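Undergrad: Below is one structure. I have some questions about it.
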Amino acid sequence: MKILIINNFNSENRLGGVEHYLHELIQYAEKNNSDYIFKWFGKDKIKTNWVEKIYHKTITQEIIREIESFQPDVIHCFSIGAPVTPHFMEFAKSKGIPIVFSFRDYYYICPKNYMLNDKNEVLHKHESALECILHHQPKRNILFDTLLYLKQSHHKSIIKKHIDYFLTPSENLTQFVSKHFKKEGKTLANPILIEQNQNSNSEGNYIMFVGRLVPEKGILTLLKAFQNISKQFPNEKLWIVGDGNQIEELQIFIENNELKNVSFLGNKSREELHKIYANSKFSVVPSEYLEAYGNVILESLAFGKTVITSDLVGIKNEIEQYNVGLTYSFKNQEALEEKMVELLSNSGLKSELENNIPNYLVTKTFAKHFSDLVNVYENLLSRNR
């Protein structure tokens, strides 16, 4: 079976979780199952104007030529919208090729993607264009937000018309997509993308955060919590891995408040990151927007390290079900402090959470994920025969 993967960016641009996942998916298929041949179409990170964001004719024609050349049995779309626009779908459907769409975030529900209004309330429905443009986070200006909404709505109508099946990593996102797109689909949770290592330093030397340094990731809330934690636990350290446009603001906060035990490590290679996970005490994921899943949580757990996460990550229900970490109400600094104190002062609780991790990880293997994925492909093909 031949599967054409279509994504905004190509395999040379390992920009985020989607690209890393696709790289691992193709490698796994090549190593373990020659019956499935994946080909990845994506572009370099390029600038596009608003016309190209709405309809990129050149790239659409490239994809059509790729379809004619590769002749896939299934097309599987991931993060598309710019520079790749969904207009190729009409051609694919004219050839009778089934299309699977993996929704990896909330963009095609709300183009703002945070799923929060300007009162910091989580959105449980999304129906009004005016409400979205004026009152959903993040807000830039009326013109930009209007164009963004129009672009998303246009693409959404094309996707809704042409896809055959959808996948999402979390139940909450599945419910939204099912309601908005009226298509068949299911939740297929993310697998672990790194080799499990349960033999890492059991105690650890520092608390860690991994992710983009942007306001929606909640790092400032984490720093404020750690500021108070440091008074009770003066020897504790916080390591922050990643980069982003908020770094200057975060560094100024540290300097103004004379926080001595916070280190910014910048971006790290996968190998370097593995060593950092292995020697940590636990991870904190203080997200302040609705995340579809939370891969850094899986990575931390793969090294036997428990986590504290806000209640806005899609993996929250799994964390609570398997009792492998602690959750708190997003933006609630005091609640975050309480959870951090619990793990720092209660070794019994920390050990209990860590001991539960192996039973959870057996449900997250790439082998199981791959099997579930190709079953989707097979079922779609059998319907089309």
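Naming scheme: A, B, ... for chains in displayed order of the structure tokens; residues 1 onward per chain; ligands 1 onward as shown.
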Write out as a list in words the residues lying within 8 Å of Val241 of chain A, counting only C-alpha atoms and excluding same-chain residues fewer than 4 positions away.

TA: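 Listed by chain and then number, they are Met208, Phe209, Val210, Gly211, Phe264, Leu265, Gly266, Asn267 and Lys268 of chain A.
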
Undergrad: Excluding Gln175 of chain A and any residue of its chain fewer than 5 positions from it, enumerate the residues within 10 Å of it, using only C-alpha atoms, and give them as a PDB file with N, CA and C atoms, in the first residue's frame.

TA:
ATOM      1  N   THR A 168      -7.629  12.298  15.578  1.00  0.00           N
ATOM      2  CA  THR A 168      -7.131  13.310  16.509  1.00  0.00           C
ATOM      3  C   THR A 168      -6.437  12.591  17.664  1.00  0.00           C
ATOM      4  N   SER A 170      -6.789  13.344  20.942  1.00  0.00           N
ATOM      5  CA  SER A 170      -7.493  13.416  22.229  1.00  0.00           C
ATOM      6  C   SER A 170      -9.003  13.406  22.036  1.00  0.00           C
ATOM      7  N   HIS A 180     -18.071  19.564  14.001  1.00  0.00           N
ATOM      8  CA  HIS A 180     -17.860  20.593  12.983  1.00  0.00           C
ATOM      9  C   HIS A 180     -17.774  20.030  11.569  1.00  0.00           C
ATOM     10  N   GLY A 185     -14.585   9.346  12.190  1.00  0.00           N
ATOM     11  CA  GLY A 185     -13.215   9.449  12.656  1.00  0.00           C
ATOM     12  C   GLY A 185     -13.085   8.890  14.051  1.00  0.00           C
ATOM     13  N   LYS A 186     -11.876   8.994  14.601  1.00  0.00           N
ATOM     14  CA  LYS A 186     -11.658   8.475  15.950  1.00  0.00           C
ATOM     15  C   LYS A 186     -10.431   9.115  16.588  1.00  0.00           C
ATOM     16  N   THR A 187     -10.267   8.843  17.864  1.00  0.00           N
ATOM     17  CA  THR A 187      -9.082   9.283  18.600  1.00  0.00           C
ATOM     18  C   THR A 187      -7.986   8.241  18.440  1.00  0.00           C
TER      19      THR A 187
END

Undergrad: Mind listing the alpha helix (DSSP H) residues of segment 205-347 of chain A, per DSSP on the backbone, as a PyMOL selection string?

TA: chain A and resi 219-232+247-256+270-278+295-302+316-322+333-345+347

Undergrad: Residues at most 12 Å from Gln321 of chain A, counting only C-alpha atoms, excluding those fewer than 3 positions away in the same chain, as an MDAnalysis selection string?

TA: chainID A and resid 315:318 324:327 353 356:357 359:360

Undergrad: Can I get the selected residues back with C-alpha atoms, as a PDB file, in the first residue's frame?

TA:
ATOM      1  CA  ILE A 315      -3.330  14.027  27.781  1.00  0.00           C
ATOM      2  CA  LYS A 316      -4.771  15.162  31.141  1.00  0.00           C
ATOM      3  CA  ASN A 317      -7.358  12.362  31.341  1.00  0.00           C
ATOM      4  CA  GLU A 318      -4.726   9.706  30.719  1.00  0.00           C
ATOM      5  CA  VAL A 324       1.317   8.948  36.599  1.00  0.00           C
ATOM      6  CA  GLY A 325       1.361  12.682  37.361  1.00  0.00           C
ATOM      7  CA  LEU A 326      -0.420  15.643  38.947  1.00  0.00           C
ATOM      8  CA  THR A 327      -2.690  18.228  37.332  1.00  0.00           C
ATOM      9  CA  LEU A 353       3.499   8.030  40.497  1.00  0.00           C
ATOM     10  CA  ASN A 356       2.714   3.547  37.775  1.00  0.00           C
ATOM     11  CA  ILE A 357       4.496   4.788  34.662  1.00  0.00           C
ATOM     12  CA  ASN A 359       1.896   0.149  33.009  1.00  0.00           C
ATOM     13  CA  TYR A 360       0.923   3.325  31.195  1.00  0.00           C
TER      14      TYR A 360
END

Undergrad: So the first atom is atom CA of Glu236 of chain A and the second is atom CA of Asn205 of chain A; what is the distance between them in Å, to one decimal place?

TA: 8.0 Å

Undergrad: If you count only C-alpha atoms, which residues fall within 8 Å of segment 380-382 of chain A, apart from same-chain ones fewer than 6 positions away, as a list of chain:residue names?

TA: A:Asp73, A:Val74, A:Pro98

Undergrad: Grab the residues selected above and save them as a PDB file, in the first residue's frame with C-alpha atoms.

TA:
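The resulting file, part-v7.pdb, is reproduced below:
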ATOM      1  CA  ASP A  73      -3.717   4.319  -2.411  1.00  0.00           C
ATOM      2  CA  VAL A  74      -4.405   6.752   0.459  1.00  0.00           C
ATOM      3  CA  PRO A  98      -9.505   8.298   0.040  1.00  0.00           C
TER       4      PRO A  98
END

Undergrad: Measuring between only C-alpha atoms, which one of A:Asn172, A:Ser79, A:Thr85, A:Ser280 shows the shortest distance to Glu52 of chain A?

TA: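 That would be A:Thr85, the residue with the smallest distance to Glu52 of chain A.
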
Undergrad: Between atom CA of Ile192 of chain A and atom CA of Glu299 of chain A, what is the distance, to one decimal in Å?

TA: 6.8 Å

Undergrad: According to DSSP computed on the backbone, where in segment 123-194 of chain A is there strand (DSSP E or B)? Give the residues as a list in words.

TA: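 Result set for segment 123-194 of chain A (strand (DSSP E or B)): His136, Tyr165, Phe166, Leu167, Thr168, Gly185, Lys186 and Thr187 of chain A.
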
Undergrad: Select from segment 332-370 of chain A every residue with an atom at most 9 Å from any atom of segment 16-30 of chain A, then for each give the shortest pair of atoms and their distance in Å to one decimal, using only C-alpha atoms, rows by chain and rising number, as CSV.

TA:
residue,atom,partner,partner_atom,distance
A:Phe366,CA,A:Tyr28,CA,8.1
A:Ala367,CA,A:Tyr28,CA,8.4
A:Phe370,CA,A:Leu25,CA,7.8

Undergrad: Store the residues picked out above, limited to N, CA and C atoms, as a short mmCIF file (atom, residue, chain, number, x, y, z; two decimals), in the first residue's frame.

TA:
data_model
loop_
_atom_site.label_atom_id
_atom_site.label_comp_id
_atom_site.auth_asym_id
_atom_site.auth_seq_id
_atom_site.Cartn_x
_atom_site.Cartn_y
_atom_site.Cartn_z
N PHE A 366 4.98 2.54 19.73
CA PHE A 366 4.81 2.90 18.32
C PHE A 366 4.23 1.73 17.54
N ALA A 367 4.55 0.51 17.95
CA ALA A 367 4.02 -0.67 17.26
C ALA A 367 2.50 -0.70 17.32
N PHE A 370 1.09 2.19 15.18
CA PHE A 370 1.21 1.91 13.75
C PHE A 370 0.14 0.91 13.30
#

Undergrad: Pick out the closest residue to Lys47 of chain A from this set: A:Val362, A:Ile64, A:Glu320, A:Val84. Count only C-alpha atoms.

TA: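 Distance minimum relative to Lys47 of chain A lands on A:Val84.
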
Undergrad: Please produce, as a Markdown table, a per-residue contact table for segment 177-283 of chain A versus segment 331-352 of chain A (criterion: any atom at most 12 Å away, only C-alpha atoms considered), showing the nearest atom pair and its distance in Å to one decimal, sorted by chain then residue number.

TA:
| residue | atom | partner | partner_atom | distance |
| --- | --- | --- | --- | --- |
| A:Ser202 | CA | A:Ser351 | CA | 9.1 |
| A:Glu203 | CA | A:Ser347 | CA | 9.5 |
| A:Gly204 | CA | A:Leu344 | CA | 11.1 |
| A:Asn205 | CA | A:Leu344 | CA | 11.5 |
| A:Tyr206 | CA | A:Leu344 | CA | 10.5 |
| A:Ile207 | CA | A:Met340 | CA | 9.2 |
| A:Met208 | CA | A:Met340 | CA | 11.5 |
| A:Pro215 | CA | A:Lys331 | CA | 11.3 |
| A:Glu216 | CA | A:Lys331 | CA | 10.1 |
| A:Lys217 | CA | A:Lys331 | CA | 10.2 |
| A:Gly218 | CA | A:Lys331 | CA | 7.3 |
| A:Ile219 | CA | A:Lys331 | CA | 10.1 |
| A:Leu220 | CA | A:Lys331 | CA | 9.7 |
| A:Thr221 | CA | A:Gln333 | CA | 6.0 |
| A:Leu222 | CA | A:Gln333 | CA | 7.3 |
| A:Leu223 | CA | A:Gln333 | CA | 9.4 |
| A:Lys224 | CA | A:Gln333 | CA | 7.2 |
| A:Ala225 | CA | A:Glu337 | CA | 5.3 |
| A:Phe226 | CA | A:Glu337 | CA | 7.3 |
| A:Gln227 | CA | A:Glu337 | CA | 9.5 |
| A:Asn228 | CA | A:Glu337 | CA | 7.7 |
| A:Ile229 | CA | A:Glu337 | CA | 6.7 |
| A:Ser230 | CA | A:Val341 | CA | 10.3 |
| A:Lys231 | CA | A:Val341 | CA | 11.4 |
| A:Gln232 | CA | A:Val341 | CA | 8.8 |
| A:Phe233 | CA | A:Leu344 | CA | 8.4 |
| A:Pro234 | CA | A:Leu344 | CA | 11.8 |
| A:Asn235 | CA | A:Leu344 | CA | 11.3 |
| A:Glu236 | CA | A:Leu344 | CA | 9.0 |
| A:Lys237 | CA | A:Leu344 | CA | 11.5 |
| A:Leu238 | CA | A:Met340 | CA | 11.6 |
| A:Lys281 | CA | A:Leu344 | CA | 8.7 |
| A:Phe282 | CA | A:Leu343 | CA | 8.3 |
| A:Ser283 | CA | A:Met340 | CA | 9.9 |

Undergrad: Kindly save the residues from that selection, with N, CA, C and O atoms included, as a short mmCIF file (atom, residue, chain, number, x, y, z; two decimals), in the first residue's frame.

TA:
data_model
loop_
_atom_site.label_atom_id
_atom_site.label_comp_id
_atom_site.auth_asym_id
_atom_site.auth_seq_id
_atom_site.Cartn_x
_atom_site.Cartn_y
_atom_site.Cartn_z
N SER A 202 17.19 8.09 39.55
CA SER A 202 15.87 8.06 40.18
C SER A 202 15.56 9.33 40.96
O SER A 202 14.41 9.72 41.06
N GLU A 203 16.58 9.95 41.50
CA GLU A 203 16.34 11.16 42.30
C GLU A 203 16.27 12.40 41.42
O GLU A 203 15.36 13.20 41.50
N GLY A 204 17.25 12.59 40.57
CA GLY A 204 17.26 13.75 39.69
C GLY A 204 17.88 14.97 40.37
O GLY A 204 17.98 15.05 41.60
N ASN A 205 18.29 15.93 39.54
CA ASN A 205 19.01 17.08 40.05
C ASN A 205 18.28 18.40 39.90
O ASN A 205 18.69 19.41 40.45
N TYR A 206 17.19 18.42 39.11
CA TYR A 206 16.52 19.68 38.81
C TYR A 206 15.10 19.42 38.30
O TYR A 206 14.77 18.34 37.82
N ILE A 207 14.28 20.44 38.43
CA ILE A 207 12.95 20.45 37.82
C ILE A 207 13.13 20.96 36.39
O ILE A 207 14.00 21.80 36.14
N MET A 208 12.33 20.48 35.44
CA MET A 208 12.56 20.93 34.08
C MET A 208 11.28 21.30 33.34
O MET A 208 10.20 20.80 33.62
N PRO A 215 4.23 33.06 25.46
CA PRO A 215 3.32 33.29 26.59
C PRO A 215 2.33 32.16 26.85
O PRO A 215 2.05 31.84 28.02
N GLU A 216 1.81 31.54 25.79
CA GLU A 216 0.77 30.53 25.99
C GLU A 216 1.28 29.26 26.66
O GLU A 216 0.49 28.43 27.12
N LYS A 217 2.59 29.10 26.73
CA LYS A 217 3.14 27.91 27.38
C LYS A 217 3.18 28.05 28.91
O LYS A 217 3.48 27.07 29.61
N GLY A 218 2.93 29.24 29.43
CA GLY A 218 2.79 29.41 30.88
C GLY A 218 4.09 29.44 31.66
O GLY A 218 4.09 29.23 32.87
N ILE A 219 5.20 29.76 31.00
CA ILE A 219 6.49 29.73 31.70
C ILE A 219 6.58 30.82 32.76
O ILE A 219 7.20 30.62 33.81
N LEU A 220 5.97 31.96 32.51
CA LEU A 220 6.02 33.04 33.50
C LEU A 220 5.31 32.61 34.78
O LEU A 220 5.78 32.89 35.89
N THR A 221 4.20 31.92 34.65
CA THR A 221 3.51 31.38 35.82
C THR A 221 4.41 30.39 36.56
O THR A 221 4.47 30.39 37.79
N LEU A 222 5.12 29.57 35.80
CA LEU A 222 6.05 28.63 36.41
C LEU A 222 7.16 29.36 37.17
O LEU A 222 7.52 28.97 38.29
N LEU A 223 7.71 30.41 36.58
CA LEU A 223 8.78 31.16 37.26
C LEU A 223 8.28 31.82 38.54
O LEU A 223 8.99 31.84 39.55
N LYS A 224 7.07 32.35 38.51
CA LYS A 224 6.51 32.96 39.71
C LYS A 224 6.29 31.91 40.80
O LYS A 224 6.52 32.18 41.99
N ALA A 225 5.85 30.73 40.39
CA ALA A 225 5.69 29.65 41.36
C ALA A 225 7.04 29.22 41.92
O ALA A 225 7.19 29.02 43.13
N PHE A 226 8.03 29.12 41.04
CA PHE A 226 9.36 28.69 41.48
C PHE A 226 10.01 29.72 42.39
O PHE A 226 10.78 29.37 43.30
N GLN A 227 9.68 30.98 42.16
CA GLN A 227 10.19 32.04 43.04
C GLN A 227 9.80 31.78 44.49
O GLN A 227 10.62 31.91 45.41
N ASN A 228 8.57 31.38 44.70
CA ASN A 228 8.11 31.07 46.06
C ASN A 228 8.64 29.71 46.53
O ASN A 228 8.96 29.55 47.71
N ILE A 229 8.73 28.76 45.61
CA ILE A 229 9.27 27.45 45.95
C ILE A 229 10.70 27.58 46.47
O ILE A 229 11.11 26.91 47.43
N SER A 230 11.47 28.49 45.87
CA SER A 230 12.88 28.66 46.23
C SER A 230 13.06 29.12 47.67
O SER A 230 14.10 28.86 48.29
N LYS A 231 12.07 29.81 48.20
CA LYS A 231 12.15 30.27 49.60
C LYS A 231 12.07 29.08 50.55
O LYS A 231 12.72 29.08 51.60
N GLN A 232 11.27 28.07 50.17
CA GLN A 232 11.10 26.89 51.02
C GLN A 232 12.16 25.83 50.70
O GLN A 232 12.59 25.09 51.58
N PHE A 233 12.58 25.80 49.43
CA PHE A 233 13.57 24.81 48.98
C PHE A 233 14.70 25.56 48.24
O PHE A 233 14.76 25.56 47.01
N PRO A 234 15.58 26.22 48.99
CA PRO A 234 16.57 27.13 48.36
C PRO A 234 17.58 26.44 47.46
O PRO A 234 18.24 27.10 46.66
N ASN A 235 17.71 25.12 47.56
CA ASN A 235 18.70 24.41 46.73
C ASN A 235 18.11 23.85 45.44
O ASN A 235 18.85 23.28 44.62
N GLU A 236 16.80 23.99 45.26
CA GLU A 236 16.19 23.45 44.06
C GLU A 236 16.56 24.26 42.82
O GLU A 236 16.73 25.48 42.89
N LYS A 237 16.65 23.57 41.69
CA LYS A 237 17.02 24.20 40.43
C LYS A 237 15.90 23.99 39.40
O LYS A 237 15.19 22.98 39.43
N LEU A 238 15.77 24.95 38.50
CA LEU A 238 14.82 24.86 37.39
C LEU A 238 15.57 25.02 36.09
O LEU A 238 16.23 26.04 35.87
N LYS A 281 14.29 15.73 38.07
CA LYS A 281 13.42 15.23 39.14
C LYS A 281 12.01 14.96 38.62
O LYS A 281 11.44 13.91 38.87
N PHE A 282 11.47 15.95 37.92
CA PHE A 282 10.17 15.82 37.28
C PHE A 282 10.02 16.98 36.30
O PHE A 282 10.81 17.93 36.33
N SER A 283 9.02 16.89 35.44
CA SER A 283 8.76 17.94 34.45
C SER A 283 7.51 18.72 34.82
O SER A 283 6.59 18.17 35.43
#

Undergrad: Find the residues near Glu121 of chain A: any atom within 12 Å, counting only C-alpha atoms, skip ones fewer than 2 places away on the same chain, and give them as an NGL selection string.

TA: :A and (114-119 or 123-125 or 135-137 or 288-290 or 312 or 329-331)

Undergrad: One decimal, in Å: what's the spacing between atom CA of Ser11 of chain A and atom CA of Tyr277 of chain A?

TA: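 Atom CA of Tyr277 of chain A lies 25.2 Å from atom CA of Ser11 of chain A.
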
Undergrad: Looking at A:Glu66, A:Glu272, A:Asp164, A:Asp35, which one is nearest to Ile6 of chain A, with distances taken over only C-alpha atoms?

TA: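 The shortest atom-to-atom distance to Ile6 of chain A comes from A:Glu66.
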
Undergrad: Which one of A:Ser153, A:Asn120, A:Asn375, A:Asn245 sits closest to Pro138 of chain A if you count only C-alpha atoms?

TA: A:Asn120
